Structure formats: structure tokens, C-alpha cells
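The file start-v2.cif comes next; it holds mmCIF, C-alpha atoms (C1' of nucleotides).
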data_model
loop_
_atom_site.label_atom_id
_atom_site.label_comp_id
_atom_site.auth_asym_id
_atom_site.auth_seq_id
_atom_site.Cartn_x
_atom_site.Cartn_y
_atom_site.Cartn_z
CA MET M 924 27.62 -33.92 0.71
CA LYS M 925 25.59 -32.30 3.47
CA ILE M 926 25.36 -34.04 6.83
CA ALA M 927 23.03 -32.67 9.50
CA THR M 928 22.67 -33.37 13.21
CA TRP M 929 19.64 -32.41 15.28
CA ASN M 930 18.30 -33.24 18.71
CA ILE M 931 14.68 -33.25 17.59
CA ASN M 932 13.16 -33.97 21.03
CA SER M 933 10.45 -36.35 19.76
CA LEU M 934 10.53 -37.41 16.13
CA ARG M 935 6.81 -38.09 15.92
CA LEU M 936 5.79 -34.72 17.37
CA ARG M 937 8.18 -32.84 15.10
CA LEU M 938 7.90 -34.70 11.80
CA PRO M 939 6.59 -31.49 10.13
CA LEU M 940 9.71 -29.67 11.33
CA LEU M 941 11.94 -32.41 9.95
CA LYS M 942 10.26 -31.73 6.62
CA GLU M 943 11.05 -28.04 7.05
CA LEU M 944 14.72 -28.86 7.72
CA ILE M 945 14.81 -30.97 4.57
CA ASN M 946 13.13 -28.28 2.45
CA GLU M 947 15.63 -25.70 3.62
CA THR M 948 18.86 -27.67 3.49
CA GLN M 949 18.33 -30.73 1.27
CA ALA M 950 20.76 -32.51 3.61
CA ASP M 951 21.99 -35.85 2.25
CA VAL M 952 22.19 -37.43 5.68
CA ILE M 953 20.35 -36.40 8.87
CA CYS M 954 21.36 -37.72 12.29
CA LEU M 955 18.66 -37.36 14.94
CA GLN M 956 18.78 -37.64 18.72
CA GLU M 957 16.06 -37.94 21.35
CA THR M 958 13.70 -39.49 18.84
CA LYS M 959 11.71 -40.90 21.80
CA VAL M 960 10.14 -43.56 19.63
CA PRO M 961 10.30 -47.35 20.16
CA ASP M 962 11.55 -49.23 17.08
CA PRO M 963 8.16 -50.82 16.19
CA LEU M 964 6.66 -47.31 16.01
CA PHE M 965 9.44 -45.66 13.98
CA PRO M 966 7.68 -43.64 11.25
CA PHE M 967 9.68 -45.12 8.38
CA GLU M 968 6.93 -44.55 5.81
CA ASP M 969 7.01 -40.81 6.47
CA ILE M 970 10.81 -40.83 6.30
CA ILE M 971 10.73 -42.60 2.92
CA LYS M 972 8.16 -40.09 1.62
CA LEU M 973 10.48 -37.28 2.67
CA GLY M 974 13.08 -38.71 0.29
CA TYR M 975 15.20 -40.76 2.70
CA PRO M 976 14.88 -44.43 1.75
CA HIS M 977 17.97 -45.46 3.74
CA TYR M 978 17.79 -45.37 7.53
CA TYR M 979 18.90 -47.02 10.72
CA PHE M 980 17.35 -46.32 14.11
CA LYS M 981 17.63 -47.43 17.70
CA GLY M 982 14.85 -46.26 19.98
CA MET M 983 13.02 -46.95 23.21
CA LYS M 984 9.92 -45.72 24.99
CA SER M 985 9.92 -42.10 26.22
CA TYR M 986 13.67 -41.58 26.47
CA ASN M 987 16.73 -41.27 24.26
CA GLY M 988 16.71 -42.78 20.77
CA VAL M 989 18.92 -42.10 17.74
CA ALA M 990 18.42 -42.39 13.99
CA ILE M 991 20.39 -41.87 10.80
CA ILE M 992 18.36 -41.19 7.66
CA SER M 993 19.95 -40.85 4.24
CA LYS M 994 19.26 -40.17 0.57
CA HIS M 995 22.18 -42.47 -0.29
CA GLU M 996 22.88 -46.07 0.55
CA LEU M 997 23.91 -46.87 4.10
CA ILE M 998 25.50 -49.98 5.55
CA HIS M 999 24.80 -50.64 9.21
CA VAL M 1000 27.82 -50.74 11.51
CA ALA M 1001 26.72 -53.35 14.01
CA ASP M 1002 29.83 -54.00 16.10
CA THR M 1003 29.62 -50.91 18.32
CA PRO M 1004 29.69 -51.06 22.13
CA ASP M 1005 26.70 -50.92 24.46
CA TRP M 1006 28.00 -47.90 26.38
CA CYS M 1007 27.97 -48.38 30.16
CA GLY M 1008 26.00 -51.60 29.67
CA ARG M 1009 22.62 -49.91 29.66
CA LEU M 1010 21.05 -50.71 26.28
CA ASP M 1011 19.81 -47.14 26.30
CA CYS M 1012 19.90 -46.19 22.61
CA ARG M 1013 22.49 -43.43 22.66
CA HIS M 1014 24.64 -44.37 19.67
CA ILE M 1015 24.17 -45.68 16.18
CA ALA M 1016 26.69 -45.91 13.37
CA ALA M 1017 26.49 -46.46 9.63
CA GLN M 1018 28.71 -46.38 6.57
CA LEU M 1019 27.70 -43.95 3.86
CA LYS M 1020 28.49 -44.75 0.23
CA THR M 1021 30.10 -41.80 -1.56
CA ALA M 1022 31.86 -41.27 -4.88
CA SER M 1023 35.19 -41.19 -3.05
CA GLY M 1024 34.49 -44.35 -1.02
CA PRO M 1025 32.72 -45.20 2.23
CA ILE M 1026 32.46 -42.75 5.13
CA THR M 1027 31.68 -43.93 8.65
CA ILE M 1028 29.10 -41.85 10.52
CA HIS M 1029 28.70 -42.03 14.30
CA ASN M 1030 25.60 -40.48 15.85
CA PHE M 1031 25.76 -39.96 19.64
CA TYR M 1032 23.41 -38.80 22.36
CA VAL M 1033 25.61 -38.39 25.42
CA PRO M 1034 23.90 -38.46 28.85
CA ALA M 1035 22.97 -34.96 30.04
CA GLY M 1036 24.34 -35.55 33.52
CA GLY M 1037 21.59 -34.29 35.83
CA ASP M 1038 21.73 -31.09 37.85
CA ILE M 1039 24.56 -31.48 40.34
CA PRO M 1040 28.12 -31.74 38.93
CA ASP M 1041 29.30 -34.26 41.51
CA ALA M 1042 29.93 -37.88 40.59
CA GLU M 1043 29.80 -38.97 44.24
CA THR M 1044 26.27 -37.80 44.95
CA ASN M 1045 24.76 -37.66 41.44
CA PRO M 1046 24.70 -40.98 39.55
CA LYS M 1047 23.66 -39.21 36.34
CA PHE M 1048 26.82 -37.13 36.40
CA ALA M 1049 28.90 -40.24 37.11
CA HIS M 1050 27.19 -41.94 34.15
CA LYS M 1051 28.03 -39.03 31.86
CA LEU M 1052 31.71 -39.04 32.82
CA ALA M 1053 31.91 -42.85 32.49
CA PHE M 1054 30.19 -42.71 29.09
CA ILE M 1055 32.70 -40.18 27.74
CA GLU M 1056 35.62 -42.18 29.18
CA GLU M 1057 34.38 -45.39 27.53
CA ALA M 1058 33.94 -43.62 24.21
CA THR M 1059 37.43 -42.14 24.48
CA ALA M 1060 38.97 -45.55 25.16
CA TRP M 1061 37.05 -47.13 22.27
CA PHE M 1062 38.17 -44.54 19.71
CA GLU M 1063 41.71 -44.74 21.03
CA LYS M 1064 41.65 -48.41 20.06
CA ASN M 1065 39.62 -47.83 16.89
CA GLN M 1066 41.31 -44.76 15.41
CA PRO M 1067 38.81 -43.00 13.15
CA LYS M 1068 39.53 -42.92 9.42
CA ARG M 1069 37.18 -41.24 6.95
CA SER M 1070 34.78 -40.82 9.86
CA ILE M 1071 32.31 -38.19 10.98
CA LEU M 1072 31.06 -38.12 14.57
CA VAL M 1073 28.00 -35.99 15.28
CA GLY M 1074 25.39 -35.57 17.92
CA ASP M 1075 24.15 -34.02 21.10
CA LEU M 1076 27.31 -34.47 23.16
CA ASN M 1077 25.78 -32.45 26.01
CA THR M 1078 29.06 -30.63 26.74
CA ALA M 1079 30.00 -27.08 25.75
CA PRO M 1080 33.78 -27.48 25.80
CA LEU M 1081 35.13 -24.00 25.03
CA GLU M 1082 34.88 -20.62 26.71
CA HIS M 1083 32.81 -19.17 23.87
CA ASP M 1084 30.51 -22.18 23.65
CA VAL M 1085 28.43 -20.70 26.48
CA TRP M 1086 26.87 -17.30 27.11
CA SER M 1087 28.89 -16.84 30.31
CA HIS M 1088 32.01 -18.91 30.84
CA LYS M 1089 32.40 -17.70 34.42
CA GLN M 1090 28.81 -18.36 35.45
CA LEU M 1091 28.64 -21.79 33.83
CA LEU M 1092 31.89 -23.25 35.15
CA LYS M 1093 29.85 -24.85 37.95
CA VAL M 1094 26.89 -25.77 35.75
CA VAL M 1095 26.60 -29.25 34.25
CA CYS M 1096 27.73 -29.16 30.58
CA HIS M 1097 30.62 -26.75 31.15
CA THR M 1098 32.44 -28.01 34.27
CA PRO M 1099 36.15 -28.93 34.00
CA PRO M 1100 35.58 -32.69 34.59
CA GLU M 1101 33.26 -32.73 31.57
CA THR M 1102 35.15 -30.39 29.25
CA GLU M 1103 38.49 -32.12 29.95
CA ARG M 1104 37.01 -35.54 29.12
CA HIS M 1105 35.15 -34.18 26.10
CA ASN M 1106 38.38 -32.68 24.72
CA GLN M 1107 40.28 -35.88 25.40
CA TRP M 1108 37.64 -37.82 23.45
CA GLU M 1109 37.89 -35.41 20.51
CA LYS M 1110 41.68 -35.82 20.51
CA GLN M 1111 41.35 -39.51 19.56
CA GLY M 1112 41.68 -38.57 15.90
CA PHE M 1113 38.95 -35.96 15.43
CA LEU M 1114 38.73 -32.25 14.59
CA ASP M 1115 35.98 -29.91 15.77
CA ALA M 1116 34.50 -28.98 12.37
CA MET M 1117 32.38 -26.11 13.71
CA ARG M 1118 35.43 -24.43 15.19
CA LEU M 1119 37.54 -25.02 12.08
CA ILE M 1120 35.07 -22.80 10.22
CA TYR M 1121 34.13 -20.44 13.08
CA PRO M 1122 37.09 -20.29 15.50
CA GLU M 1123 36.98 -18.79 18.96
CA PRO M 1124 36.29 -16.17 20.22
CA GLN M 1125 33.16 -16.25 18.06
CA LYS M 1126 30.20 -17.31 20.17
CA LEU M 1127 28.52 -20.47 18.87
CA TYR M 1128 25.32 -21.90 20.33
CA THR M 1129 23.09 -24.80 19.30
CA TRP M 1130 20.78 -24.95 22.32
CA TRP M 1131 18.63 -22.45 24.17
CA SER M 1132 16.62 -23.49 27.23
CA TYR M 1133 12.84 -23.73 27.08
CA ARG M 1134 12.84 -21.84 30.38
CA ASN M 1135 13.71 -18.44 28.97
CA ARG M 1136 10.76 -16.31 28.05
CA ASP M 1137 12.50 -15.01 24.93
CA TRP M 1138 15.44 -17.19 23.84
CA LYS M 1139 16.63 -14.66 21.25
CA LYS M 1140 16.50 -11.68 23.58
CA SER M 1141 18.22 -13.32 26.55
CA ASN M 1142 20.46 -15.39 24.20
CA ARG M 1143 21.70 -17.62 27.01
CA GLY M 1144 22.80 -20.34 24.63
CA ARG M 1145 25.20 -23.25 24.77
CA ARG M 1146 26.99 -25.28 22.07
CA LEU M 1147 25.97 -28.81 23.01
CA ASP M 1148 25.70 -30.25 19.50
CA HIS M 1149 28.84 -31.08 17.58
CA ILE M 1150 30.25 -32.28 14.29
CA TRP M 1151 33.68 -33.88 14.44
CA ILE M 1152 35.57 -35.06 11.37
CA SER M 1153 38.52 -37.43 11.40
CA ASN M 1154 41.87 -35.73 10.73
CA ASP M 1155 42.06 -37.13 7.20
CA LEU M 1156 38.86 -35.26 6.19
CA LYS M 1157 40.15 -31.80 7.11
CA GLU M 1158 40.62 -30.70 3.50
CA ASN M 1159 37.16 -32.01 2.60
CA LEU M 1160 35.30 -29.67 4.94
CA GLN M 1161 33.60 -26.87 3.01
CA ALA M 1162 31.07 -25.20 5.29
CA ILE M 1163 29.14 -25.31 8.54
CA GLU M 1164 25.63 -23.99 9.05
CA ILE M 1165 23.87 -23.55 12.37
CA LEU M 1166 20.14 -23.26 11.71
CA ALA M 1167 19.49 -20.90 14.64
CA HIS M 1168 16.14 -19.73 13.27
CA ALA M 1169 14.86 -23.29 13.79
CA ARG M 1170 14.57 -22.36 17.47
CA ASP M 1171 11.48 -20.40 16.37
CA TRP M 1172 9.81 -23.24 14.50
CA ALA M 1173 6.60 -24.34 16.16
CA PRO M 1174 6.65 -26.34 18.31
CA PRO M 1175 10.41 -25.87 18.72
CA SER M 1176 13.03 -28.29 19.90
CA ASP M 1177 15.38 -26.66 22.39
CA HIS M 1178 18.24 -27.69 20.06
CA VAL M 1179 18.76 -26.42 16.50
CA PRO M 1180 20.18 -28.36 13.54
CA VAL M 1181 23.84 -28.11 12.57
CA ILE M 1182 24.87 -28.98 9.01
CA ALA M 1183 28.33 -29.72 7.65
CA GLU M 1184 29.13 -29.66 3.95
CA LEU M 1185 32.02 -31.81 2.72
CA THR M 1186 33.37 -32.73 -0.69
CA LEU M 1187 33.19 -36.51 -0.71
"C1'" DA Q 820 18.49 -16.42 44.88
"C1'" DT Q 821 15.05 -18.78 42.70
"C1'" DG Q 822 12.31 -20.54 39.26
"C1'" DG Q 823 11.59 -20.69 34.89
"C1'" DT Q 824 9.30 -25.07 30.30
"C1'" DC Q 825 8.93 -28.86 27.64
"C1'" DG Q 826 7.81 -34.15 26.16
"C1'" DT Q 827 6.55 -38.44 27.55
"C1'" DC Q 828 1.71 -44.55 27.41
"C1'" DT Q 829 -1.24 -37.78 32.67
"C1'" DA Q 830 2.74 -38.84 36.40
"C1'" DA Q 831 6.85 -37.91 37.75
"C1'" DC Q 832 10.84 -38.13 35.46
"C1'" DG Q 833 14.41 -36.49 32.47
"C1'" DA Q 834 16.14 -32.62 30.09
#

Can you dump the structure from the file as C-alpha cells?
Amino acid sequence: MKIATWNINSLRLRLPLLKELINETQADVICLQETKVPDPLFPFEDIIKLGYPHYYFKGMKSYNGVAIISKHELIHVADTPDWCGRLDCRHIAAQLKTASGPITIHNFYVPAGGDIPDAETNPKFAHKLAFIEEATAWFEKNQPKRSILVGDLNTAPLEHDVWSHKQLLKVVCHTPPETERHNQWEKQGFLDAMRLIYPEPQKLYTWWSYRNRDWKKSNRGRRLDHIWISNDLKENLQAIEILAHARDWAPPSDHVPVIAELTL
DNA sequence: ATGGTCGTCTAACGA
């Protein structure tokens, strides 16, 4: 079973690239973030034509938005929290039917946190920290079993998840208040699947800024997108693929897809 | 040290 996660940065604009992802990977399940499409405008007919007749989505105008599309039957998981009480479409969950039984899939789009890493003066940073704390508390109470958590978590937790650990320690996404909370969240029953396959000190990036003239040449990347598996799925993990060349698809998202393969 | 670029009900906001 192949499960992909991708911050697509507008589903409607990049539908042709979603097709490209499908052609290349034949992923069974694709979790999308920043779909930027209100629910009444979700392009479900296109998604069905692409071979994904099972889907759940939660979107709004202009901002945020998440979707799970699947070749196999999904059951919606409805009783999930409204994080930070904002109704802002940053999480959706579904149960995937597999030969070995149901698997719960969580798809998250964690707040980016703004520019200044100070919760006192920057409400966006405070929101990010509060969001991660709420998620940590929820999974502490609801210990994940046969679960996969994916998404744009907007934190690069490890030294080799950024192009320069030293230079990014004061940059939002890699500051200690974020990485400590991120790691505490992961510890609520999850394993970092990407690092199980590609341990440190290998550099791993899933995002390259639009603001670099040549993303490949400067290679100032960050690992902001993640795939976590619950502890009980450790032996099921077969492979991880980071589709770095997708950064050159036109018009590119600033994030690239990550795909996990599991025997399920 | 600064500014650099995208996407969105084309305007300023969020990333």
C-alpha cells in the first residue's frame, strides 16, 4: 500500500500535476494540504476520473484546506477536534480498508507560524505552538494504533532536516520551542517513517522556497512534510520516496510529495 | 543585511 502526502498549494491550479504524481507513483491514498478550495467547488469529478472514487475533504476560501483521496474504500472519522477553535480546515481523518484490517489516516496542515519566533508578539507563532500542544494532548489520550499521520507539519525537527542547522535555529520552523513540541507530539505513539528509512545525518528536504532563483543549485531546503506511523506498524514499513524532481514540475508547488510504502 | 516569489474572488495577506 502506497500512501502519499503533498502540500499542493492550490488543488485546482495543480490538478495536472496531481495526475503526474499518480502516473508516476500509482499511490493508493493521497493526502493533500493547502487545497485552497471551498467544499462546494471541490473538483470531485476530476478526482474520480483520476481513479480515486473515495475521498474526504475539508476546505475554505483562499486558505488552508485538506483532502484524502483513495483508490480503496474510506470511512470518515468524524469525531476529531476543531484545533484551537478556529474551524480552519487543517486536519481530516479517515479509516482505510485493507486486507489486514482498517488503518486510520490523519492528514494535518499545521500553522506555519509567521515570521517572528516569539509567541508574545506574534500571534501566528503562538497559534502554531498551541496547535501542536493540543494535538499532543489529544494523541496522548487517544493512543494511535494502526495509524498513519501525515502532512505539512511546518517544522523541521532534526539538525539534518535543514540546509543549515546553525543559521535556522532562529528561523520559524526550526526553533527549539517548535522542535521540542513537534518531537513531544511524535512521541505520543508514533515513529518518524522517513528517518527509519533514511536516518541522520543524511540530509532530507521536502520544501524549497519560491524565493531562490535556482532551488536545486542553492539547495536551501527544509523537511517540513512528514509521515509518522504508529509503533505497531514499524515492521510494515517497506520504503519511503521523496519526489524531489516534482519541485521542477510546472507550475511547481514549493513542497514535493513524500510516499510511504507499507505491507498492509 | 536585505530581499527574494508564489497563490488567492487583483489586494493585501499568508506562506

Report the closest atom pair, with its distance in Å rounded to one decimal, for each residue of range 1116-1170 of chain M that has an atom no farther than 8 Å from range 820-833 of chain Q; count all atoms listed in the file, sort by chain and then rising residue number, and write it as a tab-separated table.
residue	atom	partner	partner_atom	distance
M:Tyr1133	CA	Q:DT824	C1'	5.0
M:Arg1134	CA	Q:DT824	C1'	4.8
M:Asn1135	CA	Q:DG823	C1'	6.7

Check: which chain M residues lie within 9 Å of chain Q using all atoms listed in the file, as a PDB file with C-alpha atoms, in the frame of the given file:
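Listed below is the output, selection-v5.pdb:
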ATOM      1  CA  ASN M 932      13.160 -33.970  21.030  1.00  0.00           C
ATOM      2  CA  SER M 933      10.450 -36.350  19.760  1.00  0.00           C
ATOM      3  CA  LYS M 959      11.710 -40.900  21.800  1.00  0.00           C
ATOM      4  CA  LYS M 984       9.920 -45.720  24.990  1.00  0.00           C
ATOM      5  CA  SER M 985       9.920 -42.100  26.220  1.00  0.00           C
ATOM      6  CA  TYR M 986      13.670 -41.580  26.470  1.00  0.00           C
ATOM      7  CA  ALA M1035      22.970 -34.960  30.040  1.00  0.00           C
ATOM      8  CA  GLY M1037      21.590 -34.290  35.830  1.00  0.00           C
ATOM      9  CA  SER M1132      16.620 -23.490  27.230  1.00  0.00           C
ATOM     10  CA  TYR M1133      12.840 -23.730  27.080  1.00  0.00           C
ATOM     11  CA  ARG M1134      12.840 -21.840  30.380  1.00  0.00           C
ATOM     12  CA  ASN M1135      13.710 -18.440  28.970  1.00  0.00           C
ATOM     13  CA  ARG M1136      10.760 -16.310  28.050  1.00  0.00           C
ATOM     14  CA  SER M1176      13.030 -28.290  19.900  1.00  0.00           C
ATOM     15  CA  ASP M1177      15.380 -26.660  22.390  1.00  0.00           C
TER      16      ASP M1177
END

Check which residues satisfy the PyMOL selection byres ((chain M and resi 1098-1115) around 8) in the file shown, then give them as a compact mmCIF listing (two decimals) with C-alpha atoms, keeping the file's coordinate frame.
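Writing the result to part_1.txt gives the following:
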# COMPACT_ATOMS: atom_id res chain seq x y z
CA PRO M 1040 28.12 -31.74 38.93
CA LEU M 1052 31.71 -39.04 32.82
CA ILE M 1055 32.70 -40.18 27.74
CA GLU M 1056 35.62 -42.18 29.18
CA ALA M 1058 33.94 -43.62 24.21
CA THR M 1059 37.43 -42.14 24.48
CA PHE M 1062 38.17 -44.54 19.71
CA GLU M 1063 41.71 -44.74 21.03
CA GLN M 1066 41.31 -44.76 15.41
CA PRO M 1067 38.81 -43.00 13.15
CA THR M 1078 29.06 -30.63 26.74
CA ALA M 1079 30.00 -27.08 25.75
CA PRO M 1080 33.78 -27.48 25.80
CA LEU M 1081 35.13 -24.00 25.03
CA LEU M 1091 28.64 -21.79 33.83
CA LEU M 1092 31.89 -23.25 35.15
CA LYS M 1093 29.85 -24.85 37.95
CA VAL M 1094 26.89 -25.77 35.75
CA VAL M 1095 26.60 -29.25 34.25
CA CYS M 1096 27.73 -29.16 30.58
CA HIS M 1097 30.62 -26.75 31.15
CA ALA M 1116 34.50 -28.98 12.37
CA MET M 1117 32.38 -26.11 13.71
CA ARG M 1118 35.43 -24.43 15.19
CA LEU M 1119 37.54 -25.02 12.08
CA HIS M 1149 28.84 -31.08 17.58
CA ILE M 1150 30.25 -32.28 14.29
CA TRP M 1151 33.68 -33.88 14.44
CA ILE M 1152 35.57 -35.06 11.37
CA SER M 1153 38.52 -37.43 11.40
CA ASN M 1154 41.87 -35.73 10.73
CA LYS M 1157 40.15 -31.80 7.11

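The coordinates place CA of Thr1129 in chain M at 26.1 Å from CA of Asp969 in chain M.
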
query: Which residues match the PyMOL selection byres ((chain M and resi 1020) around 7) in the file above, as a list in words?
result: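 Applying the PyMOL selection byres ((chain M and resi 1020) around 7) to the structure shown produces His995, Glu996, Leu997, Gln1018, Leu1019, Thr1021, Gly1024, Pro1025 and Ile1026 of chain M.
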
- prompt: Interatomic distance between CA of Ile953 in chain M and CA of Lys1126 in chain M?
  reply: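 Value for the CA of Ile953 in chain M-CA of Lys1126 in chain M distance: 24.3 Å.
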
task: Report the distance between CA of Glu1123 in chain M and CA of Ala1042 in chain M in Å, rounded to one decimal place.
output: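 For CA of Glu1123 in chain M relative to CA of Ala1042 in chain M, the distance reads 29.7 Å.
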
- request: For Met924 in chain M, work out the shell of residues within 12 Å, counting all atoms listed in the file and skipping chain neighbours fewer than 6 positions away, then give it as a PyMOL selection string.
  value: chain M and resi 948-953+993-995+1019-1023+1026+1159-1163+1182-1187

- prompt: Using all atoms listed in the file, which of M:Ile1039, M:Ile1165, M:Leu955, M:Ile945 sits nearest Tyr975 in chain M?
  reply: M:Ile945
